[in-house]
Every structure is written in structure tokens, then in C-alpha cells.
$ cat run.txt   # compact mmCIF, C-alpha atoms
# COMPACT_ATOMS: atom_id res chain seq x y z
CA MET A 1 -29.34 -13.62 10.16
CA LEU A 2 -30.96 -16.68 8.55
CA LEU A 3 -28.02 -16.97 6.18
CA TRP A 4 -25.55 -17.09 9.09
CA THR A 5 -26.06 -20.77 9.83
CA ARG A 6 -23.58 -23.35 10.99
CA ARG A 7 -23.22 -24.63 7.44
CA SER A 8 -22.47 -21.17 6.08
CA ARG A 9 -19.88 -20.56 8.81
CA VAL A 10 -18.17 -23.87 8.05
CA LEU A 11 -18.16 -23.04 4.34
CA LEU A 12 -16.73 -19.59 5.02
CA TRP A 13 -13.93 -20.99 7.20
CA ALA A 14 -13.19 -23.64 4.58
CA VAL A 15 -12.84 -21.01 1.85
CA PHE A 16 -10.65 -18.93 4.12
CA ALA A 17 -8.45 -21.94 4.95
CA VAL A 18 -7.99 -22.79 1.27
CA LEU A 19 -7.12 -19.22 0.31
CA PHE A 20 -4.81 -18.74 3.31
CA THR A 21 -3.01 -21.99 2.54
CA ALA A 22 -2.60 -21.18 -1.15
CA ILE A 23 -1.61 -17.53 -0.74
CA VAL A 24 0.36 -17.51 2.54
CA LEU A 25 1.31 -20.94 3.87
CA ALA A 26 2.32 -22.62 0.61
CA PRO A 27 4.80 -19.90 -0.49
CA LEU A 28 6.30 -19.77 3.03
CA LEU A 29 6.66 -23.54 3.07
CA MET A 30 8.42 -23.47 -0.30
CA ILE A 31 10.86 -20.85 0.99
CA VAL A 32 11.61 -22.93 4.09
CA LEU A 33 12.15 -26.06 1.99
CA ALA A 34 14.38 -24.17 -0.45
CA SER A 35 16.45 -22.82 2.45
CA VAL A 36 17.47 -26.37 3.43
CA ALA A 37 17.54 -27.90 -0.06
CA GLY A 38 20.82 -29.38 -1.20
CA ASN A 39 19.29 -30.37 -4.53
CA TRP A 40 15.80 -29.87 -5.92
CA THR A 41 14.93 -31.64 -9.15
CA GLY A 42 11.51 -33.07 -8.31
CA LEU A 43 8.41 -32.10 -6.39
CA LEU A 44 10.38 -31.92 -3.12
CA PRO A 45 14.07 -31.47 -2.30
CA SER A 46 16.05 -34.65 -2.74
CA ALA A 47 18.66 -33.67 -0.14
CA LEU A 48 18.61 -31.47 2.95
CA THR A 49 21.45 -29.33 4.20
CA GLY A 50 22.13 -26.52 6.64
CA SER A 51 24.98 -25.07 4.61
CA HIS A 52 22.81 -22.27 3.23
CA PHE A 53 22.11 -21.00 6.73
CA ALA A 54 25.81 -21.22 7.53
CA GLN A 55 26.51 -19.03 4.50
CA ALA A 56 23.69 -16.64 5.41
CA LEU A 57 25.17 -16.20 8.89
CA SER A 58 28.58 -15.23 7.56
CA GLY A 59 30.17 -12.80 5.16
CA GLU A 60 28.22 -10.16 3.27
CA THR A 61 24.81 -11.70 3.96
CA PHE A 62 25.28 -11.53 7.72
CA ALA A 63 26.56 -7.97 7.36
CA SER A 64 23.36 -7.12 5.46
CA LEU A 65 21.30 -8.65 8.27
CA SER A 66 23.13 -6.45 10.76
CA VAL A 67 22.48 -3.40 8.56
CA SER A 68 18.77 -4.29 8.35
CA ILE A 69 18.51 -4.58 12.13
CA GLN A 70 20.27 -1.27 12.70
CA THR A 71 18.20 0.45 10.01
CA GLY A 72 14.95 -1.01 11.33
CA VAL A 73 15.61 -0.04 14.94
CA ILE A 74 16.81 3.49 14.17
CA ALA A 75 14.16 4.26 11.56
CA SER A 76 11.38 2.82 13.74
CA LEU A 77 12.49 4.80 16.77
CA VAL A 78 12.72 8.07 14.83
CA SER A 79 9.40 7.56 13.05
CA VAL A 80 7.59 6.70 16.30
CA LEU A 81 9.05 9.72 18.10
CA LEU A 82 8.22 12.11 15.23
CA GLY A 83 4.83 10.55 14.58
CA THR A 84 3.82 10.69 18.25
CA TRP A 85 5.01 14.27 18.60
CA ALA A 86 3.15 15.34 15.44
CA ALA A 87 -0.04 13.56 16.51
CA LEU A 88 0.01 15.20 19.94
CA ALA A 89 0.88 18.62 18.53
CA SER A 90 -1.79 18.56 15.82
CA GLN A 91 -4.51 17.62 18.31
CA SER A 92 -4.64 21.15 19.71
CA ALA A 93 -4.17 22.86 16.34
CA PRO A 94 -7.02 24.63 14.50
CA PRO A 95 -9.09 22.32 12.27
CA LYS A 96 -7.67 23.66 8.99
CA LEU A 97 -4.09 23.35 10.21
CA ARG A 98 -4.76 19.86 11.56
CA LYS A 99 -6.18 18.81 8.20
CA ALA A 100 -3.10 20.21 6.44
CA VAL A 101 -0.82 18.30 8.82
CA ASP A 102 -2.77 15.08 8.21
CA THR A 103 -2.41 15.53 4.46
CA LEU A 104 1.30 16.27 4.73
CA PHE A 105 2.07 13.25 6.90
CA HIS A 106 0.02 10.89 4.73
CA LEU A 107 1.53 12.14 1.47
CA PRO A 108 4.34 9.50 1.33
CA ILE A 109 1.69 6.76 1.23
CA ALA A 110 0.43 8.10 -2.10
CA VAL A 111 3.91 8.02 -3.63
CA PRO A 112 5.49 4.71 -4.78
CA SER A 113 8.60 3.89 -2.75
CA VAL A 114 10.77 3.85 -5.88
CA VAL A 115 9.63 7.39 -6.72
CA LEU A 116 10.33 8.42 -3.14
CA GLY A 117 13.84 6.98 -3.41
CA LEU A 118 14.48 8.84 -6.66
CA ALA A 119 13.20 12.07 -5.11
CA LEU A 120 15.61 11.69 -2.19
CA LEU A 121 18.50 11.04 -4.56
CA VAL A 122 17.74 14.22 -6.49
CA ALA A 123 17.14 16.30 -3.37
CA PHE A 124 20.20 15.21 -1.39
CA SER A 125 22.91 14.76 -4.02
CA ARG A 126 24.37 18.27 -3.74
CA PRO A 127 25.82 20.35 -0.88
CA PRO A 128 24.98 21.37 1.76
CA LEU A 129 22.87 18.19 2.19
CA ALA A 130 24.87 15.73 0.12
CA PHE A 131 23.65 12.46 1.69
CA ASN A 132 23.84 10.46 -1.54
CA GLY A 133 26.16 7.48 -1.08
CA THR A 134 25.84 7.45 2.70
CA ARG A 135 23.79 5.41 5.15
CA TRP A 136 21.90 8.53 6.19
CA ILE A 137 19.92 8.70 2.97
CA VAL A 138 18.79 5.10 3.49
CA LEU A 139 17.69 5.89 7.04
CA LEU A 140 15.89 9.01 5.81
CA GLY A 141 14.07 7.01 3.15
CA HIS A 142 12.90 4.44 5.69
CA VAL A 143 11.74 7.14 8.11
CA MET A 144 9.70 8.83 5.39
CA ILE A 145 8.02 5.53 4.52
CA LEU A 146 7.27 4.63 8.15
CA LEU A 147 6.25 8.05 9.44
CA PRO A 148 2.69 8.10 8.00
CA PHE A 149 1.83 4.81 9.70
CA SER A 150 3.27 5.86 13.05
CA TYR A 151 1.41 9.15 12.87
CA SER A 152 -1.88 7.48 11.88
CA THR A 153 -1.70 4.86 14.65
CA VAL A 154 -1.09 7.38 17.41
CA SER A 155 -3.58 9.88 15.98
CA ALA A 156 -6.30 7.22 16.03
CA ALA A 157 -5.49 6.43 19.66
CA ILE A 158 -5.63 10.12 20.62
CA ALA A 159 -9.05 10.42 18.97
CA ARG A 160 -10.32 7.54 21.16
CA MET A 161 -8.73 8.82 24.37
CA ASP A 162 -11.05 10.28 26.98
CA PRO A 163 -10.15 14.00 27.29
CA LEU A 164 -11.51 14.05 30.85
CA LEU A 165 -8.38 12.23 32.06
CA ALA A 166 -6.07 15.08 31.09
CA GLN A 167 -8.61 17.69 32.21
CA ALA A 168 -8.93 16.09 35.64
CA ALA A 169 -5.15 16.00 36.08
CA ALA A 170 -4.87 19.64 35.03
CA SER A 171 -7.65 20.68 37.40
CA LEU A 172 -5.70 19.12 40.28
CA GLY A 173 -2.77 21.39 39.53
CA ALA A 174 -0.61 19.22 37.28
CA SER A 175 1.49 21.14 34.79
CA PRO A 176 1.08 20.46 31.03
CA VAL A 177 4.38 18.55 31.02
CA ARG A 178 3.29 16.41 33.96
CA VAL A 179 -0.07 15.73 32.33
CA LEU A 180 1.74 14.65 29.18
CA LEU A 181 4.23 12.38 30.94
CA ARG A 182 1.98 10.90 33.62
CA VAL A 183 -1.42 10.76 31.90
CA ARG A 184 -1.44 11.07 28.14
CA LEU A 185 1.69 9.11 27.18
CA PRO A 186 0.95 6.14 29.51
CA VAL A 187 -2.54 5.88 27.99
CA LEU A 188 -1.06 6.05 24.49
CA LEU A 189 1.76 3.59 25.21
CA PRO A 190 -0.02 0.51 23.76
CA SER A 191 -0.66 2.37 20.49
CA ILE A 192 2.89 3.71 20.43
CA SER A 193 4.18 0.16 20.88
CA ALA A 194 1.86 -1.05 18.10
CA SER A 195 3.19 1.64 15.76
CA ALA A 196 6.74 0.59 16.65
CA SER A 197 5.95 -3.03 15.77
CA LEU A 198 4.46 -2.04 12.44
CA ALA A 199 7.36 0.31 11.68
CA LEU A 200 9.97 -2.35 12.48
CA ALA A 201 8.26 -4.97 10.31
CA MET A 202 7.93 -2.55 7.40
CA SER A 203 11.51 -1.33 7.66
CA MET A 204 12.96 -4.84 7.82
CA GLY A 205 11.17 -5.77 4.59
CA GLU A 206 11.48 -2.49 2.68
CA LEU A 207 13.06 -2.87 -0.77
CA GLY A 208 11.77 -0.34 -3.32
CA ALA A 209 13.33 2.86 -1.99
CA THR A 210 16.32 1.00 -0.56
CA MET A 211 17.33 -0.31 -3.99
CA MET A 212 17.50 3.29 -5.19
CA LEU A 213 19.44 4.60 -2.20
CA TYR A 214 21.79 2.10 -0.58
CA PRO A 215 25.57 2.58 -0.81
CA PRO A 216 27.91 -0.45 -1.07
CA ASP A 217 28.68 -0.39 2.66
CA TRP A 218 25.04 -0.14 3.83
CA ARG A 219 23.06 -2.76 1.96
CA THR A 220 20.05 -4.16 3.77
CA LEU A 221 19.15 -7.84 3.72
CA PRO A 222 16.16 -7.45 1.34
CA ALA A 223 18.52 -5.80 -1.16
CA SER A 224 21.01 -8.67 -0.73
CA ILE A 225 18.22 -11.23 -1.19
CA PHE A 226 17.20 -9.50 -4.41
CA ALA A 227 20.82 -9.58 -5.63
CA LEU A 228 21.19 -13.28 -4.73
CA THR A 229 18.00 -14.16 -6.57
CA ASP A 230 19.13 -12.13 -9.57
CA ARG A 231 22.36 -14.17 -9.65
CA GLY A 232 20.43 -17.45 -9.45
CA GLN A 233 21.43 -18.29 -5.87
CA VAL A 234 17.87 -19.17 -4.89
CA PHE A 235 18.73 -21.53 -2.01
CA LEU A 236 20.95 -18.99 -0.26
CA ALA A 237 18.35 -16.27 -0.90
CA SER A 238 15.70 -18.51 0.69
CA ALA A 239 17.85 -19.12 3.77
CA SER A 240 18.43 -15.37 4.07
CA THR A 241 14.69 -14.79 3.75
CA VAL A 242 13.96 -17.24 6.56
CA LEU A 243 16.50 -15.44 8.76
CA LEU A 244 14.89 -12.10 7.90
CA LEU A 245 11.46 -13.45 8.81
CA ALA A 246 12.75 -14.92 12.08
CA VAL A 247 14.49 -11.73 13.19
CA THR A 248 11.49 -9.59 12.22
CA LEU A 249 9.10 -11.90 14.06
CA ALA A 250 11.32 -11.84 17.16
CA GLY A 251 11.34 -8.05 17.16
CA VAL A 252 7.57 -7.84 16.71
CA VAL A 253 6.99 -10.38 19.51
CA ILE A 254 9.22 -8.42 21.90
CA LEU A 255 7.36 -5.20 21.12
CA GLY A 256 4.08 -7.09 21.49
CA LEU A 257 5.07 -8.14 25.01
CA VAL A 258 5.81 -4.51 25.82
CA ARG A 259 2.43 -3.53 24.41
CA GLY A 260 0.71 -6.21 26.51
CA ARG A 261 2.33 -4.97 29.73
CA ALA A 262 1.48 -1.39 28.85
CA ALA A 263 -2.19 -2.36 28.28
CA GLN A 264 -2.35 -4.10 31.66
CA ARG A 265 -1.40 -0.85 33.38

$ encode --input "run.txt" --output "C-alpha cells"
Amino acid sequence: MLLWTRRSRVLLWAVFAVLFTAIVLAPLLMIVLASVAGNWTGLLPSALTGSHFAQALSGETFASLSVSIQTGVIASLVSVLLGTWAALASQSAPPKLRKAVDTLFHLPIAVPSVVLGLALLVAFSRPPLAFNGTRWIVLLGHVMILLPFSYSTVSAAIARMDPLLAQAAASLGASPVRVLLRVRLPVLLPSISASASLALAMSMGELGATMMLYPPDWRTLPASIFALTDRGQVFLASASTVLLLAVTLAGVVILGLVRGRAAQR
């Protein structure tokens, strides 16, 4: 406790500010500057323009943004539904079965996303499940990446939930379905919303498995940004990155508002 003085706190915050600025703020600032740079030959851009955003909001780049939004919403919804169902179902399972379910649902975390993408290509390239070259294999890859986090978030909330709430409702004559819909799910709603926010943010930025899986007509914005950077179109890639960050942030904020209202209940 003697070490936790005002001077040590100030020093700790100063170190944090320096590291946060160098690791997070500075790269973001460079991306924002590059997104509006007409020419960059010195320390800072010598000309500013909005043409890169105009390009990013049209043509193939805008189509990729639309694909990312659709993929993020669908994959997040599916992963939250499956993760919540699995967390609720495993709660009443025997300990050994619950441990096996936990291991199974956390397994994708231990596998690199590129390996996961390759595994999906091998598994779904032949009938009767020939998804290779379709949007469905991209959606499946995103769901597999997001599912462990959705499951973990809801499972942690279930572990903290007071079991007396459900027991009291059941003792008053409520059916198991009514207890689930009127007691357990409302209590879990903030955690479900948090898992949806995390899933959406992860899906919008996912690249590793997507690069292995996407067909020409279903390319997400991170894959397009990678292609633009590979072709040397750094300014357009930066503008697309800013758009991706803005859309992702908007989605997370909306889900955060839902989570806040759910917590107030």
C-alpha cells in the first residue's frame, strides 16, 4: 500500500498514456490521415481530398462493405443463438458431459483461422455438402470463429446467475418454457447483447479464414482492403479501413444501448 502513492499513480498513468498513444492512437491517426491524403511525400500529407471516400463508397469496395455487414449480422446472430442454446443446455448436463461440451466449443480458439479455413475447404468441397465457392462457406467459417466467444460469455453469465430466481418461478407453477422466457433469458439479456457486440466486431474484422474461403461474389471488406494494399492503393485502403471502423463502431454502440436498457430492467 505504501508504494501506491500519488506519484506512483501519476507515473503509471503516464506510462499507460505513452504506450496507448504509440500502439493505438498513432496508427489510427496515420490511417485517418492517409484516407484523406491527396499526396504524401513528407511527414504529413501535403494535400487533402475526399476522393478516396467517394471511391470507397462506390463500386466493388462498397459492395464489399455490404457483404461485410451482411456477414457480420448473420454470423453474429447465428453464433449468439447457438452459443446461448449450448450454454443453457450444458448447464443441466452431467459434469463430464459439460466439460466435454466446453472443450468442443472452445476448440476453434486453439486453431489458427487460416487452418480453420483450409479445414472447411477440404471438408465442404465435395457433395453432398459442396459449399466451396459459395457465400455459405464464408458464413460457416465466421460462425465457427465467433461461436466459442458467444458460448463463453453466456456461460459465464449463467454461472453468476442466482438459481433461486428460476426455482422460485418454478415453485409458483411456471412451466420450464415460461421460466426460460420470463426469468432466465431476461436476466441473461445483457450478456447476450455483450456477446453479440463482440461477435459483430470480430466478424467485421475477420481476415484469416475469409481469405481462404471467399468466392468472387462474396468478398468482405477486410479482404478487399488486403487486396488494395497488395496493389499499392494505400490511400483507398485507408479510406476503406476508416469506413469499416465507423460501421463496426456504430453497430457496437447500437448493441451497447440495447445492453444498457436490458441491464436497467

$ closest_residue --input "run.txt" --among "A:Ile137, A:Ile31, A:Leu147, A:Val154" --to "Met202 (chain A)" --atoms "all atoms listed in the file"
A:Leu147

$ closest_residue --input "run.txt" --among "A:Leu164, A:Val143, A:Val80, A:Trp85" --to "Ala196 (chain A)" --atoms "all atoms listed in the file"
A:Val80

$ closest_residue --input "run.txt" --among "A:Leu200, A:Leu207, A:Leu33, A:Ile225" --to "Gly256 (chain A)" --atoms "only C-alpha atoms"
A:Leu200

$ residues_around --input "run.txt" --residues "Gly205 (chain A)" --least-positions-apart "4" --cutoff "12 Å" --atoms "only C-alpha atoms" --output "PDB file with C-alpha atoms, keeping the file's coordinate frame"
ATOM      1  CA  LEU A  65      21.300  -8.650   8.270  1.00  0.00           C
ATOM      2  CA  SER A  68      18.770  -4.290   8.350  1.00  0.00           C
ATOM      3  CA  ILE A  69      18.510  -4.580  12.130  1.00  0.00           C
ATOM      4  CA  THR A  71      18.200   0.450  10.010  1.00  0.00           C
ATOM      5  CA  GLY A  72      14.950  -1.010  11.330  1.00  0.00           C
ATOM      6  CA  HIS A 142      12.900   4.440   5.690  1.00  0.00           C
ATOM      7  CA  ILE A 145       8.020   5.530   4.520  1.00  0.00           C
ATOM      8  CA  LEU A 146       7.270   4.630   8.150  1.00  0.00           C
ATOM      9  CA  LEU A 198       4.460  -2.040  12.440  1.00  0.00           C
ATOM     10  CA  ALA A 199       7.360   0.310  11.680  1.00  0.00           C
ATOM     11  CA  LEU A 200       9.970  -2.350  12.480  1.00  0.00           C
ATOM     12  CA  ALA A 201       8.260  -4.970  10.310  1.00  0.00           C
ATOM     13  CA  ALA A 209      13.330   2.860  -1.990  1.00  0.00           C
ATOM     14  CA  THR A 210      16.320   1.000  -0.560  1.00  0.00           C
ATOM     15  CA  MET A 211      17.330  -0.310  -3.990  1.00  0.00           C
ATOM     16  CA  THR A 220      20.050  -4.160   3.770  1.00  0.00           C
ATOM     17  CA  LEU A 221      19.150  -7.840   3.720  1.00  0.00           C
ATOM     18  CA  PRO A 222      16.160  -7.450   1.340  1.00  0.00           C
ATOM     19  CA  ALA A 223      18.520  -5.800  -1.160  1.00  0.00           C
ATOM     20  CA  SER A 224      21.010  -8.670  -0.730  1.00  0.00           C
ATOM     21  CA  ILE A 225      18.220 -11.230  -1.190  1.00  0.00           C
ATOM     22  CA  PHE A 226      17.200  -9.500  -4.410  1.00  0.00           C
ATOM     23  CA  THR A 241      14.690 -14.790   3.750  1.00  0.00           C
ATOM     24  CA  VAL A 242      13.960 -17.240   6.560  1.00  0.00           C
ATOM     25  CA  LEU A 243      16.500 -15.440   8.760  1.00  0.00           C
ATOM     26  CA  LEU A 244      14.890 -12.100   7.900  1.00  0.00           C
ATOM     27  CA  LEU A 245      11.460 -13.450   8.810  1.00  0.00           C
ATOM     28  CA  ALA A 246      12.750 -14.920  12.080  1.00  0.00           C
ATOM     29  CA  VAL A 247      14.490 -11.730  13.190  1.00  0.00           C
ATOM     30  CA  THR A 248      11.490  -9.590  12.220  1.00  0.00           C
ATOM     31  CA  LEU A 249       9.100 -11.900  14.060  1.00  0.00           C
TER      32      LEU A 249
END

$ closest_residue --input "run.txt" --among "A:Trp40, A:Leu257, A:Ala110, A:Leu236" --to "Phe53 (chain A)" --atoms "only C-alpha atoms"
A:Leu236

$ decode --input "run.txt" --residues "region 19-146 of chain A" --atoms "C-alpha atoms" --output "PDB file, in the first residue's frame"
ATOM      1  CA  LEU A  19       2.016   3.192 -24.658  1.00  0.00           C
ATOM      2  CA  PHE A  20      -1.618   3.752 -25.656  1.00  0.00           C
ATOM      3  CA  THR A  21      -0.642   6.674 -27.871  1.00  0.00           C
ATOM      4  CA  ALA A  22       2.203   4.786 -29.539  1.00  0.00           C
ATOM      5  CA  ILE A  23       0.371   1.481 -30.015  1.00  0.00           C
ATOM      6  CA  VAL A  24      -3.248   2.559 -30.636  1.00  0.00           C
ATOM      7  CA  LEU A  25      -3.739   6.264 -31.299  1.00  0.00           C
ATOM      8  CA  ALA A  26      -0.744   6.898 -33.569  1.00  0.00           C
ATOM      9  CA  PRO A  27      -1.531   4.075 -36.049  1.00  0.00           C
ATOM     10  CA  LEU A  28      -5.215   5.095 -36.138  1.00  0.00           C
ATOM     11  CA  LEU A  29      -4.250   8.704 -36.756  1.00  0.00           C
ATOM     12  CA  MET A  30      -1.968   7.672 -39.622  1.00  0.00           C
ATOM     13  CA  ILE A  31      -4.802   5.679 -41.203  1.00  0.00           C
ATOM     14  CA  VAL A  32      -7.180   8.636 -40.924  1.00  0.00           C
ATOM     15  CA  LEU A  33      -4.596  10.989 -42.446  1.00  0.00           C
ATOM     16  CA  ALA A  34      -3.861   8.532 -45.257  1.00  0.00           C
ATOM     17  CA  SER A  35      -7.583   8.230 -46.002  1.00  0.00           C
ATOM     18  CA  VAL A  36      -7.754  11.942 -46.864  1.00  0.00           C
ATOM     19  CA  ALA A  37      -4.261  12.327 -48.334  1.00  0.00           C
ATOM     20  CA  GLY A  38      -4.039  13.511 -51.911  1.00  0.00           C
ATOM     21  CA  ASN A  39      -0.246  13.362 -51.797  1.00  0.00           C
ATOM     22  CA  TRP A  40       2.128  12.321 -49.033  1.00  0.00           C
ATOM     23  CA  THR A  41       5.814  12.965 -49.559  1.00  0.00           C
ATOM     24  CA  GLY A  42       6.787  14.450 -46.192  1.00  0.00           C
ATOM     25  CA  LEU A  43       5.964  13.990 -42.534  1.00  0.00           C
ATOM     26  CA  LEU A  44       2.313  14.907 -43.146  1.00  0.00           C
ATOM     27  CA  PRO A  45       0.076  14.883 -46.229  1.00  0.00           C
ATOM     28  CA  SER A  46       0.671  17.850 -48.480  1.00  0.00           C
ATOM     29  CA  ALA A  47      -2.876  17.828 -49.864  1.00  0.00           C
ATOM     30  CA  LEU A  48      -6.228  16.692 -48.503  1.00  0.00           C
ATOM     31  CA  THR A  49      -9.030  15.151 -50.512  1.00  0.00           C
ATOM     32  CA  GLY A  50     -12.269  13.264 -50.015  1.00  0.00           C
ATOM     33  CA  SER A  51     -11.990  11.371 -53.291  1.00  0.00           C
ATOM     34  CA  HIS A  52     -10.806   8.201 -51.560  1.00  0.00           C
ATOM     35  CA  PHE A  53     -14.003   8.043 -49.523  1.00  0.00           C
ATOM     36  CA  ALA A  54     -16.024   8.648 -52.678  1.00  0.00           C
ATOM     37  CA  GLN A  55     -14.279   5.659 -54.265  1.00  0.00           C
ATOM     38  CA  ALA A  56     -14.744   3.560 -51.132  1.00  0.00           C
ATOM     39  CA  LEU A  57     -18.479   4.274 -51.183  1.00  0.00           C
ATOM     40  CA  SER A  58     -18.880   3.081 -54.754  1.00  0.00           C
ATOM     41  CA  GLY A  59     -18.097   0.097 -56.920  1.00  0.00           C
ATOM     42  CA  GLU A  60     -16.507  -3.077 -55.595  1.00  0.00           C
ATOM     43  CA  THR A  61     -15.379  -1.541 -52.309  1.00  0.00           C
ATOM     44  CA  PHE A  62     -18.901  -0.522 -51.344  1.00  0.00           C
ATOM     45  CA  ALA A  63     -20.140  -3.965 -52.381  1.00  0.00           C
ATOM     46  CA  SER A  64     -17.528  -5.482 -50.045  1.00  0.00           C
ATOM     47  CA  LEU A  65     -18.761  -3.252 -47.223  1.00  0.00           C
ATOM     48  CA  SER A  66     -22.298  -4.502 -47.833  1.00  0.00           C
ATOM     49  CA  VAL A  67     -21.035  -8.099 -47.796  1.00  0.00           C
ATOM     50  CA  SER A  68     -19.204  -7.475 -44.505  1.00  0.00           C
ATOM     51  CA  ILE A  69     -22.334  -6.040 -42.894  1.00  0.00           C
ATOM     52  CA  GLN A  70     -24.481  -8.943 -44.055  1.00  0.00           C
ATOM     53  CA  THR A  71     -21.872 -11.484 -42.992  1.00  0.00           C
ATOM     54  CA  GLY A  72     -21.375  -9.829 -39.612  1.00  0.00           C
ATOM     55  CA  VAL A  73     -25.079  -9.604 -38.814  1.00  0.00           C
ATOM     56  CA  ILE A  74     -25.914 -13.153 -39.931  1.00  0.00           C
ATOM     57  CA  ALA A  75     -22.860 -14.800 -38.370  1.00  0.00           C
ATOM     58  CA  SER A  76     -23.300 -12.872 -35.108  1.00  0.00           C
ATOM     59  CA  LEU A  77     -26.975 -13.773 -34.869  1.00  0.00           C
ATOM     60  CA  VAL A  78     -26.338 -17.468 -35.539  1.00  0.00           C
ATOM     61  CA  SER A  79     -23.380 -17.666 -33.151  1.00  0.00           C
ATOM     62  CA  VAL A  80     -25.300 -15.922 -30.350  1.00  0.00           C
ATOM     63  CA  LEU A  81     -28.327 -18.172 -30.798  1.00  0.00           C
ATOM     64  CA  LEU A  82     -26.228 -21.362 -30.893  1.00  0.00           C
ATOM     65  CA  GLY A  83     -23.913 -20.218 -28.113  1.00  0.00           C
ATOM     66  CA  THR A  84     -26.800 -19.259 -25.826  1.00  0.00           C
ATOM     67  CA  TRP A  85     -28.626 -22.509 -26.506  1.00  0.00           C
ATOM     68  CA  ALA A  86     -25.487 -24.572 -25.864  1.00  0.00           C
ATOM     69  CA  ALA A  87     -24.695 -22.683 -22.656  1.00  0.00           C
ATOM     70  CA  LEU A  88     -28.215 -23.182 -21.313  1.00  0.00           C
ATOM     71  CA  ALA A  89     -28.329 -26.829 -22.364  1.00  0.00           C
ATOM     72  CA  SER A  90     -24.936 -27.715 -20.892  1.00  0.00           C
ATOM     73  CA  GLN A  91     -25.827 -26.163 -17.529  1.00  0.00           C
ATOM     74  CA  SER A  92     -28.071 -29.096 -16.613  1.00  0.00           C
ATOM     75  CA  ALA A  93     -25.797 -31.745 -18.149  1.00  0.00           C
ATOM     76  CA  PRO A  94     -23.653 -34.109 -16.039  1.00  0.00           C
ATOM     77  CA  PRO A  95     -20.229 -32.686 -15.133  1.00  0.00           C
ATOM     78  CA  LYS A  96     -18.283 -34.906 -17.544  1.00  0.00           C
ATOM     79  CA  LEU A  97     -20.596 -34.090 -20.440  1.00  0.00           C
ATOM     80  CA  ARG A  98     -20.485 -30.382 -19.597  1.00  0.00           C
ATOM     81  CA  LYS A  99     -16.686 -30.486 -19.598  1.00  0.00           C
ATOM     82  CA  ALA A 100     -16.716 -32.227 -22.990  1.00  0.00           C
ATOM     83  CA  VAL A 101     -19.084 -29.586 -24.378  1.00  0.00           C
ATOM     84  CA  ASP A 102     -16.851 -26.797 -23.051  1.00  0.00           C
ATOM     85  CA  THR A 103     -13.831 -28.367 -24.729  1.00  0.00           C
ATOM     86  CA  LEU A 104     -15.676 -28.836 -28.006  1.00  0.00           C
ATOM     87  CA  PHE A 105     -16.959 -25.264 -28.162  1.00  0.00           C
ATOM     88  CA  HIS A 106     -13.580 -23.775 -27.249  1.00  0.00           C
ATOM     89  CA  LEU A 107     -11.662 -25.907 -29.747  1.00  0.00           C
ATOM     90  CA  PRO A 108     -11.796 -23.327 -32.614  1.00  0.00           C
ATOM     91  CA  ILE A 109      -9.896 -20.864 -30.413  1.00  0.00           C
ATOM     92  CA  ALA A 110      -6.901 -23.217 -30.361  1.00  0.00           C
ATOM     93  CA  VAL A 111      -6.832 -23.470 -34.161  1.00  0.00           C
ATOM     94  CA  PRO A 112      -5.424 -20.616 -36.307  1.00  0.00           C
ATOM     95  CA  SER A 113      -8.119 -19.081 -38.502  1.00  0.00           C
ATOM     96  CA  VAL A 114      -6.169 -19.926 -41.671  1.00  0.00           C
ATOM     97  CA  VAL A 115      -6.073 -23.589 -40.635  1.00  0.00           C
ATOM     98  CA  LEU A 116      -9.783 -23.438 -39.892  1.00  0.00           C
ATOM     99  CA  GLY A 117     -10.424 -22.011 -43.355  1.00  0.00           C
ATOM    100  CA  LEU A 118      -8.375 -24.754 -45.000  1.00  0.00           C
ATOM    101  CA  ALA A 119     -10.227 -27.395 -42.989  1.00  0.00           C
ATOM    102  CA  LEU A 120     -13.577 -26.033 -44.174  1.00  0.00           C
ATOM    103  CA  LEU A 121     -12.378 -26.038 -47.779  1.00  0.00           C
ATOM    104  CA  VAL A 122     -11.354 -29.681 -47.527  1.00  0.00           C
ATOM    105  CA  ALA A 123     -14.495 -30.718 -45.662  1.00  0.00           C
ATOM    106  CA  PHE A 124     -17.047 -28.946 -47.857  1.00  0.00           C
ATOM    107  CA  SER A 125     -15.623 -29.225 -51.364  1.00  0.00           C
ATOM    108  CA  ARG A 126     -17.468 -32.410 -52.337  1.00  0.00           C
ATOM    109  CA  PRO A 127     -21.145 -33.445 -52.463  1.00  0.00           C
ATOM    110  CA  PRO A 128     -23.446 -33.637 -50.635  1.00  0.00           C
ATOM    111  CA  LEU A 129     -22.089 -30.574 -48.777  1.00  0.00           C
ATOM    112  CA  ALA A 130     -20.277 -28.786 -51.585  1.00  0.00           C
ATOM    113  CA  PHE A 131     -20.214 -25.252 -50.137  1.00  0.00           C
ATOM    114  CA  ASN A 132     -16.852 -24.333 -51.664  1.00  0.00           C
ATOM    115  CA  GLY A 133     -17.222 -21.269 -53.880  1.00  0.00           C
ATOM    116  CA  THR A 134     -20.416 -20.085 -52.195  1.00  0.00           C
ATOM    117  CA  ARG A 135     -21.185 -17.473 -49.563  1.00  0.00           C
ATOM    118  CA  TRP A 136     -22.330 -20.195 -47.172  1.00  0.00           C
ATOM    119  CA  ILE A 137     -18.814 -21.427 -46.511  1.00  0.00           C
ATOM    120  CA  VAL A 138     -17.763 -17.889 -45.557  1.00  0.00           C
ATOM    121  CA  LEU A 139     -20.703 -17.597 -43.170  1.00  0.00           C
ATOM    122  CA  LEU A 140     -19.890 -21.012 -41.708  1.00  0.00           C
ATOM    123  CA  GLY A 141     -16.272 -20.008 -41.158  1.00  0.00           C
ATOM    124  CA  HIS A 142     -17.298 -16.822 -39.347  1.00  0.00           C
ATOM    125  CA  VAL A 143     -19.800 -18.694 -37.170  1.00  0.00           C
ATOM    126  CA  MET A 144     -17.155 -21.217 -36.141  1.00  0.00           C
ATOM    127  CA  ILE A 145     -14.770 -18.420 -35.167  1.00  0.00           C
ATOM    128  CA  LEU A 146     -17.408 -16.474 -33.216  1.00  0.00           C
TER     129      LEU A 146
END
